[in-house]
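Participant: My structure is stored as model-v1.txt, with compact mmCIF, C-alpha atoms.
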# COMPACT_ATOMS: atom_id res chain seq x y z
CA MET A 193 85.25 -82.35 -27.41
CA THR A 194 84.39 -84.75 -30.22
CA THR A 195 81.06 -86.51 -30.64
CA LEU A 196 82.74 -89.77 -29.67
CA ASP A 197 84.07 -88.22 -26.45
CA ARG A 198 80.60 -86.98 -25.54
CA LYS A 199 79.02 -90.39 -26.19
CA THR A 200 81.74 -92.09 -24.15
CA GLU A 201 81.20 -89.72 -21.23
CA GLN A 202 77.42 -90.13 -21.38
CA LEU A 203 77.77 -93.92 -21.45
CA SER A 204 80.12 -93.80 -18.48
CA ALA A 205 77.60 -91.73 -16.52
CA THR A 206 74.62 -93.97 -17.26
CA THR A 207 76.48 -97.14 -16.27
CA LEU A 208 77.24 -95.97 -12.72
CA LEU A 209 74.70 -96.72 -9.98
CA ARG A 210 74.98 -95.41 -6.43
CA PHE A 211 72.88 -97.43 -4.00
CA ALA A 212 72.51 -97.89 -0.26
CA THR A 213 71.38 -100.75 1.95
CA ALA A 214 69.25 -100.35 5.06
CA GLY A 215 67.25 -102.51 7.43
CA SER A 216 66.75 -103.49 11.05
CA VAL A 217 69.45 -105.05 13.19
CA ASP A 218 70.21 -108.67 12.21
CA ASP A 219 68.15 -108.50 9.04
CA GLY A 220 71.29 -109.47 7.13
CA LYS A 221 72.40 -106.29 5.35
CA SER A 222 76.12 -106.96 5.63
CA THR A 223 75.60 -110.62 4.68
CA LEU A 224 73.67 -109.53 1.58
CA VAL A 225 76.43 -107.12 0.59
CA GLY A 226 79.07 -109.78 1.21
CA ARG A 227 77.12 -112.32 -0.83
CA LEU A 228 76.67 -109.78 -3.63
CA LEU A 229 80.40 -109.07 -3.73
CA HIS A 230 81.40 -112.72 -3.38
CA ASP A 231 79.04 -114.21 -5.97
CA SER A 232 79.73 -111.43 -8.49
CA LYS A 233 83.46 -112.23 -8.21
CA SER A 234 84.21 -108.78 -6.79
CA VAL A 235 86.25 -109.97 -3.79
CA LEU A 236 90.02 -110.18 -3.95
CA ALA A 237 91.65 -113.43 -2.86
CA ASP A 238 93.45 -111.87 0.13
CA GLN A 239 90.18 -110.27 1.33
CA LEU A 240 88.37 -113.60 1.20
CA GLU A 241 91.28 -115.31 2.97
CA ALA A 242 91.16 -112.71 5.77
CA VAL A 243 87.41 -113.25 6.18
CA GLU A 244 87.85 -117.02 6.28
CA HIS A 245 90.57 -116.66 8.91
CA ALA A 246 88.43 -114.32 11.06
CA SER A 247 85.47 -116.69 10.73
CA ARG A 248 87.53 -119.69 11.88
CA ASN A 249 88.72 -117.72 14.90
CA ARG A 250 85.07 -117.18 15.82
CA GLY A 251 84.33 -120.90 15.53
CA GLN A 252 82.46 -120.69 12.22
CA GLU A 253 83.02 -123.33 9.59
CA ALA A 254 81.80 -121.28 6.61
CA PRO A 255 83.16 -117.79 5.91
CA ASP A 256 81.02 -115.01 7.41
CA LEU A 257 80.52 -112.79 4.36
CA ALA A 258 79.25 -109.95 6.56
CA LEU A 259 82.87 -109.35 7.57
CA LEU A 260 83.61 -108.10 4.06
CA THR A 261 81.87 -104.84 4.99
CA ASP A 262 81.91 -104.74 8.80
CA GLY A 263 85.48 -103.49 8.95
CA LEU A 264 85.56 -101.75 12.35
CA ARG A 265 86.73 -103.86 15.27
CA ALA A 266 83.65 -102.88 17.31
CA GLU A 267 81.44 -103.98 14.42
CA ARG A 268 83.03 -107.39 14.29
CA GLU A 269 82.94 -107.85 18.05
CA GLN A 270 79.29 -106.84 18.40
CA GLY A 271 78.11 -108.35 15.12
CA ILE A 272 76.47 -105.10 14.02
CA THR A 273 77.11 -102.32 11.53
CA ILE A 274 77.99 -98.97 13.12
CA ASP A 275 79.46 -96.78 10.42
CA VAL A 276 78.67 -96.40 6.72
CA ALA A 277 80.86 -98.77 4.70
CA TYR A 278 81.43 -97.81 1.07
CA ARG A 279 82.35 -100.48 -1.45
CA TYR A 280 83.15 -100.14 -5.13
CA PHE A 281 82.59 -103.01 -7.55
CA ALA A 282 81.66 -103.60 -11.15
CA THR A 283 80.10 -106.13 -13.47
CA PRO A 284 80.32 -106.16 -17.27
CA ARG A 285 77.00 -104.28 -17.39
CA ARG A 286 77.43 -101.53 -14.77
CA ARG A 287 79.70 -99.97 -12.14
CA PHE A 288 78.48 -99.59 -8.55
CA ILE A 289 79.14 -97.47 -5.48
CA LEU A 290 77.52 -99.17 -2.50
CA ALA A 291 76.87 -97.68 0.94
CA ASP A 292 76.15 -100.27 3.63
CA THR A 293 74.36 -98.28 6.36
CA PRO A 294 73.62 -99.22 9.99
CA GLY A 295 70.25 -100.51 11.16
CA HIS A 296 70.12 -99.18 14.73
CA VAL A 297 67.78 -96.29 15.51
CA GLN A 298 70.67 -94.29 17.00
CA TYR A 299 72.49 -94.46 13.64
CA THR A 300 69.67 -92.93 11.57
CA ARG A 301 72.04 -90.06 10.73
CA ASN A 302 74.43 -92.58 9.18
CA MET A 303 71.71 -93.83 6.86
CA VAL A 304 70.92 -90.26 5.87
CA THR A 305 74.59 -89.79 4.98
CA GLY A 306 74.77 -93.00 2.97
CA ALA A 307 71.48 -92.53 1.12
CA SER A 308 71.84 -88.79 0.41
CA THR A 309 73.52 -89.42 -2.96
CA ALA A 310 71.93 -92.82 -3.69
CA GLU A 311 69.75 -93.46 -6.72
CA LEU A 312 68.45 -96.69 -5.22
CA ALA A 313 67.92 -98.00 -1.69
CA VAL A 314 67.76 -101.68 -0.75
CA VAL A 315 65.61 -102.09 2.38
CA LEU A 316 65.95 -105.50 4.01
CA VAL A 317 63.21 -107.23 5.98
CA ASP A 318 63.51 -110.45 7.98
CA ALA A 319 60.84 -112.77 6.56
CA ARG A 320 60.13 -114.05 10.08
CA ASN A 321 59.44 -110.59 11.50
CA GLY A 322 57.89 -108.75 8.54
CA VAL A 323 57.64 -104.97 8.38
CA VAL A 324 58.74 -103.48 11.72
CA GLU A 325 59.12 -99.90 12.98
CA GLN A 326 62.68 -99.59 11.72
CA THR A 327 61.55 -100.73 8.28
CA ARG A 328 59.06 -97.86 8.23
CA ARG A 329 61.79 -95.45 9.37
CA HIS A 330 64.05 -96.46 6.54
CA ALA A 331 61.23 -96.17 4.00
CA ALA A 332 60.46 -92.69 5.37
CA VAL A 333 64.11 -91.63 5.17
CA ALA A 334 64.29 -92.88 1.57
CA ALA A 335 61.16 -90.87 0.78
CA LEU A 336 62.53 -87.76 2.51
CA LEU A 337 65.77 -88.01 0.54
CA ARG A 338 63.82 -88.50 -2.70
CA VAL A 339 65.58 -91.78 -3.54
CA PRO A 340 63.91 -92.65 -6.87
CA HIS A 341 64.10 -96.46 -6.63
CA VAL A 342 63.51 -98.68 -3.58
CA VAL A 343 64.08 -102.44 -3.46
CA LEU A 344 62.38 -104.44 -0.72
CA ALA A 345 64.60 -107.48 -0.11
CA VAL A 346 62.66 -110.01 1.97
CA ASN A 347 65.57 -111.91 3.50
CA LYS A 348 65.90 -115.24 5.30
CA MET A 349 63.26 -116.91 3.15
CA ASP A 350 65.03 -120.19 3.90
CA LEU A 351 63.87 -119.86 7.53
CA VAL A 352 60.19 -119.70 6.48
CA ASP A 353 60.44 -122.64 4.07
CA TYR A 354 60.49 -120.30 1.07
CA ALA A 355 56.76 -119.73 1.55
CA GLU A 356 55.14 -117.59 -1.15
CA PRO A 357 52.30 -116.27 1.10
CA VAL A 358 54.83 -114.91 3.63
CA PHE A 359 56.61 -112.92 0.94
CA ALA A 360 53.37 -111.71 -0.64
CA ALA A 361 51.99 -110.37 2.66
CA ILE A 362 55.21 -108.50 3.51
CA ALA A 363 55.52 -107.08 -0.01
CA GLU A 364 51.94 -105.81 0.00
CA GLU A 365 52.27 -104.16 3.43
CA PHE A 366 55.54 -102.42 2.63
CA THR A 367 54.52 -101.35 -0.87
CA THR A 368 51.30 -99.76 0.40
CA TYR A 369 53.19 -97.86 3.11
CA ALA A 370 56.02 -96.68 0.85
CA ALA A 371 53.61 -95.63 -1.90
CA SER A 372 51.71 -93.50 0.64
CA LEU A 373 54.97 -91.63 1.31
CA GLY A 374 55.38 -90.89 -2.39
CA VAL A 375 58.15 -93.40 -3.18
CA PRO A 376 57.89 -93.58 -6.98
CA GLU A 377 59.06 -97.15 -7.56
CA ILE A 378 59.16 -100.22 -5.29
CA THR A 379 60.50 -103.62 -6.34
CA ALA A 380 60.14 -106.58 -3.96
CA ILE A 381 62.50 -109.57 -4.19
CA PRO A 382 62.48 -112.72 -1.96
CA ILE A 383 66.04 -113.71 -1.03
CA SER A 384 68.26 -115.68 1.29
CA ALA A 385 71.54 -113.80 1.63
CA LEU A 386 73.11 -116.63 3.62
CA ALA A 387 72.27 -119.31 1.03
CA GLY A 388 72.60 -117.01 -1.98
CA ASP A 389 69.01 -117.39 -3.22
CA ASN A 390 68.01 -114.65 -5.70
CA VAL A 391 71.01 -112.47 -4.83
CA VAL A 392 73.16 -113.10 -7.90
CA GLU A 393 71.74 -116.41 -9.10
CA PRO A 394 68.03 -117.34 -9.32
CA SER A 395 66.73 -119.60 -6.57
CA ALA A 396 65.67 -123.14 -7.39
CA ALA A 397 63.72 -123.18 -4.11
CA MET A 398 61.43 -120.30 -5.17
CA ASP A 399 60.21 -121.26 -8.62
CA TRP A 400 57.00 -119.33 -7.88
CA TYR A 401 58.97 -116.06 -8.19
CA GLY A 402 59.46 -114.84 -11.73
CA GLY A 403 61.17 -111.50 -11.14
CA PRO A 404 64.83 -110.46 -11.28
CA THR A 405 67.57 -111.30 -8.81
CA VAL A 406 69.01 -108.44 -6.75
CA LEU A 407 72.05 -108.08 -9.01
CA GLU A 408 69.98 -108.32 -12.19
CA HIS A 409 67.73 -105.52 -10.95
CA LEU A 410 70.73 -103.40 -9.95
CA GLU A 411 72.24 -103.90 -13.40
CA THR A 412 69.08 -103.01 -15.31
CA VAL A 413 67.23 -100.40 -13.22
CA PRO A 414 67.02 -97.20 -15.28
CA VAL A 415 69.19 -94.40 -13.91
CA SER A 416 68.06 -91.08 -15.29
CA HIS A 417 70.84 -88.90 -16.61
CA ASP A 418 68.67 -86.84 -18.95
CA LEU A 419 70.43 -83.63 -18.03
CA THR A 420 68.41 -81.55 -20.48
CA ALA A 421 65.40 -82.05 -18.22
CA CYS A 422 67.23 -80.75 -15.14
CA HIS A 423 67.31 -77.14 -13.93
CA ALA A 424 70.74 -75.94 -15.05
CA ARG A 425 72.81 -74.67 -12.13
CA PHE A 426 76.46 -73.56 -11.95
CA PRO A 427 77.84 -72.59 -8.51
CA VAL A 428 80.93 -70.43 -8.95
CA GLN A 429 83.90 -71.91 -7.14
CA TYR A 430 86.75 -69.69 -8.29
CA VAL A 431 87.25 -66.54 -10.37
CA ILE A 432 90.13 -66.85 -12.85
CA ARG A 433 91.89 -63.62 -13.87
CA PRO A 434 95.45 -64.42 -15.00
CA GLN A 435 96.15 -60.82 -16.17
CA THR A 436 99.14 -61.98 -18.19
CA ALA A 437 100.49 -60.70 -21.49
CA GLU A 438 98.92 -63.70 -23.20
CA HIS A 439 95.54 -63.28 -21.48
CA PRO A 440 95.28 -59.63 -20.40
CA ASP A 441 91.48 -59.46 -20.33
CA TYR A 442 90.58 -63.07 -19.48
CA ARG A 443 87.89 -63.38 -16.80
CA GLY A 444 86.45 -66.82 -16.24
CA TYR A 445 84.30 -68.43 -13.57
CA ALA A 446 85.39 -71.95 -12.68
CA GLY A 447 83.42 -74.68 -10.96
CA GLN A 448 81.47 -77.89 -11.40
CA ILE A 449 78.09 -77.83 -13.11
CA ALA A 450 75.67 -79.03 -10.45
CA ALA A 451 72.81 -79.87 -12.80
CA GLY A 452 71.61 -79.44 -16.36
CA ALA A 453 73.58 -78.06 -19.29
CA PHE A 454 74.92 -74.68 -20.43
CA ARG A 455 75.41 -73.52 -24.01
CA VAL A 456 77.39 -70.69 -25.58
CA GLY A 457 75.07 -67.79 -26.42
CA GLU A 458 72.53 -68.74 -23.75
CA ALA A 459 71.04 -65.94 -21.63
CA VAL A 460 71.83 -66.47 -17.93
CA THR A 461 71.14 -64.79 -14.61
CA VAL A 462 73.75 -64.40 -11.88
CA LEU A 463 72.36 -64.83 -8.37
CA PRO A 464 71.88 -63.38 -5.85
CA SER A 465 72.49 -60.08 -7.69
CA GLY A 466 69.94 -60.87 -10.41
CA ARG A 467 72.12 -59.42 -13.20
CA THR A 468 71.49 -60.91 -16.66
CA THR A 469 74.04 -61.58 -19.39
CA LYS A 470 74.99 -64.26 -21.93
CA VAL A 471 77.48 -67.12 -21.98
CA ALA A 472 80.30 -65.92 -24.19
CA ALA A 473 82.46 -69.07 -24.04
CA ILE A 474 82.91 -72.33 -22.16
CA ASP A 475 86.37 -73.79 -21.52
CA ALA A 476 86.74 -77.48 -20.63
CA LEU A 477 90.08 -79.25 -20.26
CA GLY A 478 91.88 -76.41 -22.02
CA GLU A 479 89.58 -76.38 -25.03
CA SER A 480 86.60 -74.23 -26.01
CA VAL A 481 83.31 -76.13 -26.25
CA ASP A 482 79.81 -75.12 -27.31
CA ILE A 483 77.98 -77.06 -24.58
CA ALA A 484 78.81 -78.52 -21.16
CA TRP A 485 76.70 -80.49 -18.70
CA ALA A 486 76.77 -81.88 -15.16
CA PRO A 487 78.98 -83.05 -13.58
CA GLN A 488 81.69 -81.50 -15.77
CA SER A 489 84.15 -79.05 -14.24
CA VAL A 490 84.43 -76.07 -16.60
CA THR A 491 85.20 -72.37 -16.82
CA ILE A 492 82.37 -70.16 -18.06
CA ARG A 493 83.07 -66.75 -19.59
CA LEU A 494 80.30 -64.15 -19.75
CA ALA A 495 79.59 -61.41 -22.25
CA ASP A 496 79.50 -58.65 -19.63
CA ASP A 497 81.79 -57.74 -16.74
CA ILE A 498 79.67 -58.44 -13.66
CA ASP A 499 80.76 -58.45 -10.03
CA ILE A 500 80.82 -62.22 -9.39
CA SER A 501 82.58 -64.09 -6.59
CA ARG A 502 82.76 -67.55 -5.08
CA GLY A 503 79.32 -68.75 -3.99
CA ASP A 504 77.35 -66.94 -6.68
CA LEU A 505 75.08 -69.09 -8.83
CA ILE A 506 74.72 -68.91 -12.62
CA ALA A 507 71.39 -70.20 -14.00
CA PRO A 508 69.38 -69.84 -17.22
CA ALA A 509 67.62 -66.48 -17.36
CA GLY A 510 64.19 -68.06 -17.70
CA ASP A 511 64.73 -70.81 -15.13
CA ALA A 512 66.47 -69.21 -12.16
CA PRO A 513 65.64 -70.25 -8.57
CA ALA A 514 64.05 -67.82 -6.13
CA VAL A 515 66.37 -65.85 -3.86
CA THR A 516 65.50 -65.82 -0.16
CA GLN A 517 66.88 -65.19 3.31
CA ASP A 518 64.22 -67.31 5.03
CA VAL A 519 64.89 -71.00 4.51
CA GLU A 520 62.21 -73.53 5.47
CA ALA A 521 63.48 -77.08 5.39
CA THR A 522 63.35 -80.62 6.67
CA VAL A 523 66.58 -81.51 8.44
CA CYS A 524 68.31 -84.48 10.01
CA HIS A 525 70.39 -83.47 13.02
CA VAL A 526 73.70 -85.34 12.92
CA ALA A 527 75.72 -83.79 15.77
CA ASP A 528 75.77 -84.97 19.38
CA GLN A 529 75.13 -81.41 20.59
CA PRO A 530 71.48 -80.30 20.13
CA LEU A 531 70.21 -77.71 17.67
CA THR A 532 68.18 -75.04 19.46
CA VAL A 533 66.00 -72.05 18.55
CA GLY A 534 68.10 -68.88 18.44
CA GLN A 535 71.34 -70.75 17.76
CA ARG A 536 73.81 -69.00 15.45
CA VAL A 537 75.20 -71.22 12.70
CA LEU A 538 76.88 -71.16 9.31
CA LEU A 539 74.81 -72.38 6.36
CA LYS A 540 76.76 -74.00 3.52
CA HIS A 541 74.91 -74.27 0.21
CA THR A 542 76.95 -75.49 -2.78
CA THR A 543 80.03 -73.22 -2.76
CA ARG A 544 78.43 -70.46 -0.66
CA THR A 545 78.71 -70.21 3.14
CA VAL A 546 76.73 -67.54 5.01
CA LYS A 547 75.96 -66.67 8.63
CA ALA A 548 72.50 -67.70 9.82
CA ILE A 549 70.32 -68.06 12.89
CA VAL A 550 67.77 -70.77 13.70
CA LYS A 551 64.53 -68.80 13.97
CA ASP A 552 62.13 -71.65 14.68
CA ILE A 553 61.81 -75.43 15.01
CA PRO A 554 58.10 -75.93 14.26
CA SER A 555 58.04 -79.70 14.62
CA ARG A 556 59.93 -82.95 15.05
CA LEU A 557 58.95 -85.92 12.91
CA THR A 558 58.13 -89.23 14.59
CA LEU A 559 59.17 -91.71 11.93
CA ASP A 560 57.31 -94.59 13.57
CA ASP A 561 53.92 -93.20 12.52
CA LEU A 562 54.92 -90.00 10.64
CA SER A 563 53.22 -87.83 13.26
CA GLN A 564 54.52 -84.33 13.96
CA HIS A 565 55.59 -83.40 17.49
CA PRO A 566 54.91 -79.63 17.59
CA ALA A 567 57.35 -77.03 18.90
CA PRO A 568 60.02 -79.36 20.33
CA GLY A 569 62.35 -76.41 20.99
CA ARG A 570 65.40 -78.37 19.91
CA LEU A 571 66.60 -81.32 17.85
CA VAL A 572 69.02 -83.92 19.17
CA ALA A 573 71.18 -86.45 17.32
CA ASN A 574 69.24 -88.52 14.74
CA ASP A 575 66.13 -86.30 15.03
CA ILE A 576 64.37 -85.31 11.81
CA GLY A 577 62.33 -82.14 11.97
CA ARG A 578 61.23 -78.92 10.32
CA ILE A 579 63.21 -75.72 10.88
CA VAL A 580 63.18 -72.10 9.74
CA VAL A 581 66.57 -70.42 9.26
CA ARG A 582 67.23 -66.72 8.63
CA THR A 583 70.41 -66.05 6.67
CA ALA A 584 72.52 -62.90 6.76
CA GLU A 585 72.77 -62.88 2.96
CA PRO A 586 70.31 -64.03 0.29
CA LEU A 587 70.58 -67.57 -1.07
CA ALA A 588 69.41 -69.10 -4.35
CA LEU A 589 67.98 -72.46 -3.28
CA ASP A 590 65.89 -74.90 -5.25
CA ALA A 591 63.33 -77.10 -3.55
CA TYR A 592 64.96 -80.42 -2.68
CA ALA A 593 62.17 -82.18 -4.59
CA ASP A 594 63.37 -80.40 -7.75
CA SER A 595 67.12 -80.76 -7.23
CA ARG A 596 68.83 -82.91 -4.62
CA ARG A 597 72.11 -81.07 -5.28
CA THR A 598 71.03 -77.43 -5.12
CA GLY A 599 68.15 -78.05 -2.71
CA SER A 600 70.39 -79.41 0.06
CA PHE A 601 72.57 -77.61 2.59
CA LEU A 602 74.53 -78.07 5.80
CA LEU A 603 74.40 -76.20 9.08
CA ILE A 604 77.85 -75.83 10.62
CA ASP A 605 79.04 -74.80 14.08
CA PRO A 606 80.91 -71.49 13.56
CA ALA A 607 83.09 -72.17 16.61
CA ASP A 608 84.80 -75.37 15.47
CA GLY A 609 83.48 -76.21 11.99
CA THR A 610 81.51 -79.26 13.15
CA THR A 611 78.68 -80.33 10.85
CA LEU A 612 75.47 -79.99 12.84
CA THR A 613 72.58 -80.66 10.50
CA ALA A 614 71.83 -81.87 6.98
CA GLY A 615 68.99 -79.91 5.39
CA MET A 616 66.54 -80.41 2.52
CA ALA A 617 64.76 -77.23 1.43
CA GLY A 618 61.02 -77.29 0.84
CA ALA A 619 58.30 -79.79 1.69
CA SER A 620 58.97 -83.04 3.56
CA PHE A 621 57.39 -85.80 1.51
CA THR A 622 56.01 -86.10 -1.99
CA ALA A 623 52.33 -85.80 -1.20
CA ALA A 624 50.17 -88.75 -2.18
CA ALA A 625 47.05 -87.45 -3.87
CA ASP A 626 44.70 -89.60 -1.81
CA PRO A 627 44.48 -93.10 -0.25
CA GLU A 628 43.11 -94.50 -3.51
CA SER A 629 46.11 -93.25 -5.47
CA ALA A 630 48.44 -94.78 -2.88
CA ALA A 631 46.62 -98.08 -3.23
CA ALA A 632 46.84 -97.82 -7.02
CA ALA A 633 50.57 -97.17 -6.77
CA ALA A 634 50.90 -100.26 -4.59
CA ASP A 635 49.03 -102.34 -7.19
CA ASP A 636 51.35 -101.10 -9.92
CA ALA A 637 54.53 -101.79 -7.95
CA GLU A 638 57.13 -103.92 -9.70
CA TRP A 639 57.01 -107.16 -7.75
CA ASP A 640 56.25 -110.33 -9.60
CA PHE A 641 56.00 -113.94 -8.50
Translate this structure into structure tokens?
Facilitator:
Amino acid sequence: MTTLDRKTEQLSATTLLRFATAGSVDDGKSTLVGRLLHDSKSVLADQLEAVEHASRNRGQEAPDLALLTDGLRAEREQGITIDVAYRYFATPRRRFILADTPGHVQYTRNMVTGASTAELAVVLVDARNGVVEQTRRHAAVAALLRVPHVVLAVNKMDLVDYAEPVFAAIAEEFTTYAASLGVPEITAIPISALAGDNVVEPSAAMDWYGGPTVLEHLETVPVSHDLTACHARFPVQYVIRPQTAEHPDYRGYAGQIAAGAFRVGEAVTVLPSGRTTKVAAIDALGESVDIAWAPQSVTIRLADDIDISRGDLIAPAGDAPAVTQDVEATVCHVADQPLTVGQRVLLKHTTRTVKAIVKDIPSRLTLDDLSQHPAPGRLVANDIGRIVVRTAEPLALDAYADSRRTGSFLLIDPADGTTLTAGMAGASFTAAADPESAAAAADDAEWDF
């Protein structure tokens, strides 16, 4: 790969932003997304025509931009978002993958799904209602999932006469709460999704606000792709042994680099066996390269013949994760059937799937006030709680706080393959040092008016 190819790939990676929207029912999430797509010229003519037609059938004079994302018939009939809607759009400055998630309490699992890969979360608040319980839930979920950037969009400012004190009070309350959870960056923006104020274009009605619009912030927020700072991890997906006349001794381990970078000559450890060797060669797109990084799909060849199979993990010798059979984690239960103590499950971590048993459910988290309900005995749909799982074979897991990719896992029903639970290994929240540090974080938050 040439230097130009590397620079092109790096540029492509840094100009992609995955973000999710969240908020209470009727706070205007779908309208905000529709306005964002419409005003950034990301809506095709036939899509807009279909929305205008559906709006006229409902007796509305202006097109209901929420219909651009609320695609299910039940969503349109009830006027709510039920499932996660993914939209792809781009501006000259950046490409976006957007997940519009539901606001209802019973769809918390959908928000977890949508925000699990997001680098930014937009949390909407109705300016008339301020911070409510569901707002706190969504901030807590964003903190649990280690979403690095959170935008507080105070919507419907047109219904409170664009009053600066209303926005300031809501921004201060939310920022203090989110900072106490360990959210690293909070940006508050006053908007009116219906009127288009501060969504794509600055609002003439809020000249007291001097910060960015929603789109401007999305285009400029720094997205860290400094892969040299990540823990390098390579889950083996497939062992390649052609055993042909041309390649009689070829043995390569194919997969996608989950994090970090690997270099030829680097000492590595293969887990869970713990055997150490060196990277002899790296093949990418049919060519040998000296270095490869996430999320490239490559084949790594090692200096020694080691018993390696699908599910094994290759990591730098001096930076390998701990191997364990006792997994302590925070989980969100996503299945309708409950998760109970003693239940036998399959645990899927990267490319490895092992048998496991739920040994304990120490607590269930009450997201309203972040209190712990001890020893609930089971978790039902949308519950978030702490569990302890014993696996039949050792696993090499990172803490979720260190790596969202190799610190996450799924629990699966062995009977029918249903996904039961999404897990995050390690501690729940990033601990705030003390109330004073939380207050200091709130003071330093990026909201300006």
Participant: With distances taken over all atoms listed in the file, which of A:Phe426, A:Tyr445, A:Phe211, A:Phe359 is nearest to Gln488 of chain A?
Facilitator: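 Of A:Phe426, A:Tyr445, A:Phe211, A:Phe359, the one nearest Gln488 of chain A is A:Phe426, counting all atoms listed in the file.
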Participant: A:Thr598, A:Thr379, A:Ser384, A:Thr545: which is nearest Met398 of chain A, counting only C-alpha atoms?
Facilitator: A:Ser384
Participant: How many Å separate atom CA of Asp482 of chain A from atom CA of Val462 of chain A?
Facilitator: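 Between atom CA of Asp482 of chain A and atom CA of Val462 of chain A the gap works out to 19.7 Å.
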Participant: In Å, rounded to a single decimal, give me how far atom CA of Thr491 of chain A is from atom CA of Ala476 of chain A.
Facilitator: 6.6 Å
Participant: Figure out the distance between atom CA of Ala331 of chain A and atom CA of Ala313 of chain A, please, to one decimal in Å.
Facilitator: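 Rounded to one decimal, the two atoms are 9.0 Å apart.
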Participant: So, counting only C-alpha atoms, which residue among A:Pro513, A:Pro382, A:Pro376, A:Gly452 is closest to Ala361 of chain A?
Facilitator: A:Pro382
Participant: Within 8 Å of Tyr369 of chain A, counting all atoms listed in the file, which residues qualify if same-chain residues fewer than 4 places away don't, as number ranges by chain?
Facilitator: A: 328, 365, 373
Participant: Identify, on the basis of all atoms listed in the file, every residue whose closest approach to segment 602-611 of chain A does not exceed 6 Å; exclude the query and any residue fewer than 6 positions from it along the same chain; express the result as a PyMOL selection string.
Facilitator: chain A and resi 537-540
